[in-house]
$ cat data05.txt   # compact mmCIF, C-alpha atoms
# COMPACT_ATOMS: atom_id res chain seq x y z
CA MET M 1 -23.17 64.39 32.92
CA PRO M 2 -23.96 62.37 36.07
CA ALA M 3 -27.50 61.21 36.75
CA SER M 4 -28.55 62.71 40.09
CA PHE M 5 -31.40 62.26 42.54
CA TRP M 6 -32.27 64.35 45.61
CA PHE M 7 -34.10 63.19 48.70
CA LEU M 8 -35.30 64.32 52.13
CA GLU M 9 -34.49 62.22 55.18
CA ASP M 10 -33.96 62.83 58.87
CA PRO M 11 -30.17 63.20 59.38
CA ARG M 12 -30.43 61.23 62.63
CA GLU M 13 -32.03 58.31 60.80
CA VAL M 14 -29.98 58.29 57.62
CA GLY M 15 -29.99 54.92 56.06
CA GLY M 16 -32.89 54.46 53.67
CA VAL M 17 -30.83 55.14 50.56
CA LEU M 18 -27.72 53.43 51.91
CA GLN M 19 -29.78 50.43 53.01
CA TRP M 20 -31.16 50.17 49.50
CA PHE M 21 -27.64 49.95 48.03
CA ARG M 22 -26.52 47.56 50.77
CA ALA M 23 -29.42 45.21 49.97
CA LEU M 24 -28.39 44.77 46.33
CA PRO M 25 -27.43 41.19 45.35
CA GLN M 26 -23.88 42.48 44.79
CA PRO M 27 -23.58 45.43 47.18
CA PRO M 28 -20.94 48.06 46.46
CA GLU M 29 -17.82 48.69 48.52
CA GLU M 30 -18.35 51.80 50.67
CA THR M 31 -15.81 54.50 51.36
CA LEU M 32 -16.78 57.14 53.92
CA THR M 33 -16.21 60.76 52.88
CA ALA M 34 -16.72 64.08 54.64
CA THR M 35 -20.26 64.36 53.26
CA GLY M 36 -21.35 60.78 52.71
CA TYR M 37 -20.10 57.75 50.81
CA VAL M 38 -18.50 56.71 47.57
CA LEU M 39 -19.93 53.39 46.44
CA TYR M 40 -17.66 51.33 44.21
CA PHE M 41 -19.17 48.53 42.15
CA ARG M 42 -16.07 46.38 41.72
CA GLN M 43 -17.89 43.77 39.60
CA ALA M 44 -18.69 46.50 37.05
CA GLY M 45 -15.08 47.36 36.31
CA PRO M 46 -11.84 48.87 37.59
CA LEU M 47 -11.35 52.32 39.06
CA ALA M 48 -9.84 54.94 36.78
CA LEU M 49 -7.43 57.34 38.45
CA ASN M 50 -6.54 60.95 37.76
CA ASN M 51 -2.90 62.11 37.58
CA ASP M 52 -2.96 62.85 41.32
CA ASP M 53 -4.18 59.29 42.08
CA SER M 54 -7.69 60.47 42.99
CA ILE M 55 -10.61 58.50 41.57
CA ASP M 56 -12.00 59.75 38.27
CA GLY M 57 -15.71 59.24 38.86
CA SER M 58 -16.61 59.88 35.23
CA ARG M 59 -14.53 56.86 34.14
CA SER M 60 -15.19 54.58 37.14
CA PRO M 61 -18.19 52.46 38.23
CA VAL M 62 -18.94 54.62 41.27
CA VAL M 63 -21.95 56.30 42.83
CA THR M 64 -21.79 58.99 45.49
CA VAL M 65 -24.33 59.34 48.26
CA ILE M 66 -24.42 62.67 50.08
CA VAL M 67 -26.19 62.08 53.39
CA PRO M 68 -28.38 64.71 55.06
CA SER M 69 -26.85 66.72 57.90
CA VAL M 70 -27.87 69.44 60.34
CA ARG M 71 -26.74 72.98 59.57
CA ARG M 72 -26.80 75.84 62.07
CA GLY M 73 -28.76 73.67 64.50
CA VAL M 74 -32.14 74.13 62.78
CA MET M 75 -31.80 73.35 59.08
CA TRP M 76 -31.43 69.92 57.52
CA THR M 77 -29.66 69.41 54.23
CA THR M 78 -31.10 67.46 51.35
CA GLY M 79 -29.45 64.18 50.51
CA SER M 80 -28.39 63.22 47.03
CA VAL M 81 -27.27 60.29 44.92
CA HIS M 82 -25.02 60.78 41.90
CA PHE M 83 -24.30 58.10 39.31
CA LEU M 84 -20.96 59.47 38.14
CA PRO M 85 -19.88 57.45 35.07
CA THR M 86 -20.19 59.50 31.90
CA PRO M 87 -21.75 58.11 29.88
CA VAL M 88 -23.30 55.67 32.32
CA SER M 89 -23.80 53.23 29.42
CA ARG M 90 -20.06 52.54 29.66
CA PHE M 91 -20.92 50.30 32.64
CA PRO M 92 -23.96 48.06 31.92
CA ASP M 93 -24.08 46.88 35.57
CA ILE M 94 -24.37 50.51 36.72
CA VAL M 95 -27.14 51.11 34.18
CA LYS M 96 -29.09 48.25 35.78
CA VAL M 97 -28.52 49.61 39.29
CA LYS M 98 -29.56 53.10 38.15
CA LYS M 99 -32.80 51.76 36.66
CA LEU M 100 -33.60 49.86 39.85
CA PHE M 101 -32.74 52.86 42.02
CA THR M 102 -34.84 55.19 39.85
CA ARG M 103 -37.84 52.88 40.26
CA TRP M 104 -37.26 52.70 44.03
CA ILE M 105 -36.77 56.44 44.67
CA GLU M 106 -39.71 57.34 42.42
CA GLY M 107 -41.85 55.05 44.58
CA HIS M 108 -41.53 57.66 47.34
CA PRO M 109 -43.64 60.83 47.47
CA LEU M 110 -42.47 63.65 45.26
CA ALA M 111 -42.08 66.41 47.84
CA TYR M 112 -41.12 69.07 45.31
CA ASP M 113 -40.37 69.37 41.61
CA PRO M 114 -39.04 72.68 40.27
CA HIS M 115 -39.86 71.60 36.70
CA THR M 116 -43.63 71.39 37.10
CA SER M 117 -46.23 74.07 37.58
CA ALA M 118 -48.21 71.84 39.95
CA GLU M 119 -49.04 73.10 43.43
CA LYS M 120 -45.98 73.03 45.70
CA PRO M 121 -47.26 72.80 49.27
CA PHE M 122 -43.80 72.23 50.77
CA ALA M 123 -41.94 75.02 48.94
CA TYR M 124 -42.15 77.23 52.04
CA TYR M 125 -39.81 74.83 53.88
CA LEU M 126 -37.18 74.61 51.14
CA GLU M 127 -34.66 77.39 51.52
CA GLY M 128 -31.41 78.34 49.86
CA SER M 129 -30.80 76.13 46.84
CA ALA M 130 -32.85 73.16 48.07
CA ALA M 131 -35.66 73.83 45.59
CA ASN M 132 -33.40 74.40 42.59
CA ARG M 133 -31.65 71.08 41.96
CA GLY M 134 -34.31 68.75 40.65
CA PRO M 135 -37.19 66.56 41.79
CA LEU M 136 -36.97 66.08 45.54
CA TYR M 137 -38.26 62.77 46.91
CA GLY M 138 -39.42 62.39 50.49
CA LEU M 139 -38.38 59.28 52.35
CA PRO M 140 -40.72 58.54 55.28
CA SER M 141 -38.72 60.45 57.92
CA GLY M 142 -38.27 63.37 55.52
CA MET M 143 -41.98 63.62 54.77
CA THR M 144 -42.79 63.48 58.47
CA ALA M 145 -40.31 66.31 59.10
CA LEU M 146 -41.74 68.40 56.25
CA SER M 147 -45.26 68.00 57.62
CA ARG M 148 -43.94 69.28 60.99
CA GLY M 149 -42.40 72.34 59.30
CA GLN M 150 -38.73 71.29 59.14
CA VAL M 151 -36.63 73.65 57.01
CA PHE M 152 -34.32 72.12 54.39
CA VAL M 153 -31.34 73.63 52.56
CA ASP M 154 -29.06 72.18 49.91
CA ASP M 155 -25.89 70.43 51.05
CA LEU M 156 -23.86 72.78 48.82
CA ASP M 157 -25.27 75.99 50.29
CA ASN M 158 -22.36 78.05 51.63
CA ASP M 159 -22.17 80.33 54.68
CA PHE M 160 -23.34 83.35 52.68
CA VAL M 161 -26.52 81.53 51.67
CA LEU M 162 -27.03 80.10 55.16
CA ASP M 163 -26.66 83.57 56.70
CA ARG M 164 -29.39 84.86 54.38
CA VAL M 165 -31.63 81.88 55.21
CA CYS M 166 -31.07 82.46 58.94
CA ARG M 167 -32.20 86.09 58.56
CA THR M 168 -35.37 84.85 56.87
CA LEU M 169 -35.94 82.21 59.52
CA ARG M 170 -35.53 84.78 62.28
CA LEU M 171 -38.61 86.52 60.84
CA ARG M 172 -40.48 83.23 61.32
CA GLY M 173 -39.33 83.00 64.94
CA ILE M 174 -36.61 80.41 64.28
CA GLU M 175 -33.12 81.18 65.60
CA CYS M 176 -30.11 79.60 63.96
CA GLU M 177 -27.02 78.55 65.87
CA ARG M 178 -23.61 79.90 64.85

$ encode --input "data05.txt" --output "structure tokens"
Amino acid sequence: MPASFWFLEDPREVGGVLQWFRALPQPPEETLTATGYVLYFRQAGPLALNNDDSIDGSRSPVVTVIVPSVRRGVMWTTGSVHFLPTPVSRFPDIVKVKKLFTRWIEGHPLAYDPHTSAEKPFAYYLEGSAANRGPLYGLPSGMTALSRGQVFVDDLDNDFVLDRVCRTLRLRGIECER
């Protein structure tokens, strides 16, 4: 199972997580995708391919970064980082990067954790599935947005979920775009 991390960041200022990876002594090769980036750590090993020639992330030294985006004009999606090799111990270089990344991301404020019973002052601004994935770390621009009342949803929330969230937001005086 991949090791995953979720974060809040202003979609117009995306770069904190990517900049962290780019600043590594041996930065990964980046491939742009529809939702973010696939980061390939060539020095850690070769890519494994599926029968259709797509990359098998579970057998390759890759990490995906899903960057935040704007949905329906008023909601921001959470960002996420997924260390895909399973088990990750198959690639010792990726294990090292994961440990460093864990230390870095955990150095940011924990905006929300669904696994604790601690007070959750920002839960009101997490809609759809945003509060269900795992600990949610706030990068500086994300924490600023939360303190201003920015609403966040999960990047995987579909139109059905977003429609429901928009109905809820309408009750708060926030109108979604189509």

$ residues_around --input "data05.txt" --residues "Phe83 (chain M)" --least-positions-apart "3" --cutoff "9 Å" --atoms "all atoms listed in the file" --output "number ranges by chain"
M: 2-5, 57-58, 61-64, 86, 88, 94, 98

$ residues_around --input "data05.txt" --residues "region 20-25 of chain M" --least-positions-apart "2" --cutoff "9 Å" --atoms "all atoms listed in the file" --output "PyMOL selection string"
chain M and resi 15-18+27-28+39+97+101+104

$ closest_residue --input "data05.txt" --among "M:Thr168, M:Thr78, M:Ser54, M:Ser69" --to "Asn132 (chain M)" --atoms "all atoms listed in the file"
M:Thr78

$ residues_near_point --input "data05.txt" --point "(-33.2, 76.3, 52.4)" --cutoff "8 Å" --atoms "all atoms listed in the file" --output "MDAnalysis selection string"
chainID M and resid 75 77 125:131 151:154 162 165

$ residues_near_point --input "data05.txt" --point "(-46.2, 71.4, 47.9)" --cutoff "12 Å" --atoms "all atoms listed in the file" --output "PyMOL selection string"
chain M and resi 109-114+116-126+131+135-138+143+146-147

$ closest_residue --input "data05.txt" --among "M:Arg42, M:Arg12, M:Phe7, M:Glu175" --to "His82 (chain M)" --atoms "only C-alpha atoms"
M:Phe7

$ atom_distance --input "data05.txt" --atom1 "CA of Arg178 (chain M)" --atom2 "CA of Arg164 (chain M)"
12.9 Å

$ atom_distance --input "data05.txt" --atom1 "CA of Leu100 (chain M)" --atom2 "CA of Ala145 (chain M)"
26.2 Å

$ atom_distance --input "data05.txt" --atom1 "CA of Cys176 (chain M)" --atom2 "CA of Leu32 (chain M)"
28.0 Å

$ residues_around --input "data05.txt" --residues "Leu47 (chain M)" --least-positions-apart "3" --cutoff "8 Å" --atoms "all atoms listed in the file" --output "ChimeraX atom specification"
/M:55-56,59-61

$ closest_residue --input "data05.txt" --among "M:Phe160, M:Trp76, M:Phe41, M:Phe91" --to "Leu8 (chain M)" --atoms "all atoms listed in the file"
M:Trp76

$ residues_around --input "data05.txt" --residues "Gly79 (chain M)" --least-positions-apart "5" --cutoff "8 Å" --atoms "only C-alpha atoms" --output "count of residues only"
9

$ closest_residue --input "data05.txt" --among "M:Leu139, M:Arg72, M:Leu171, M:Gly36" --to "Ile105 (chain M)" --atoms "only C-alpha atoms"
M:Leu139
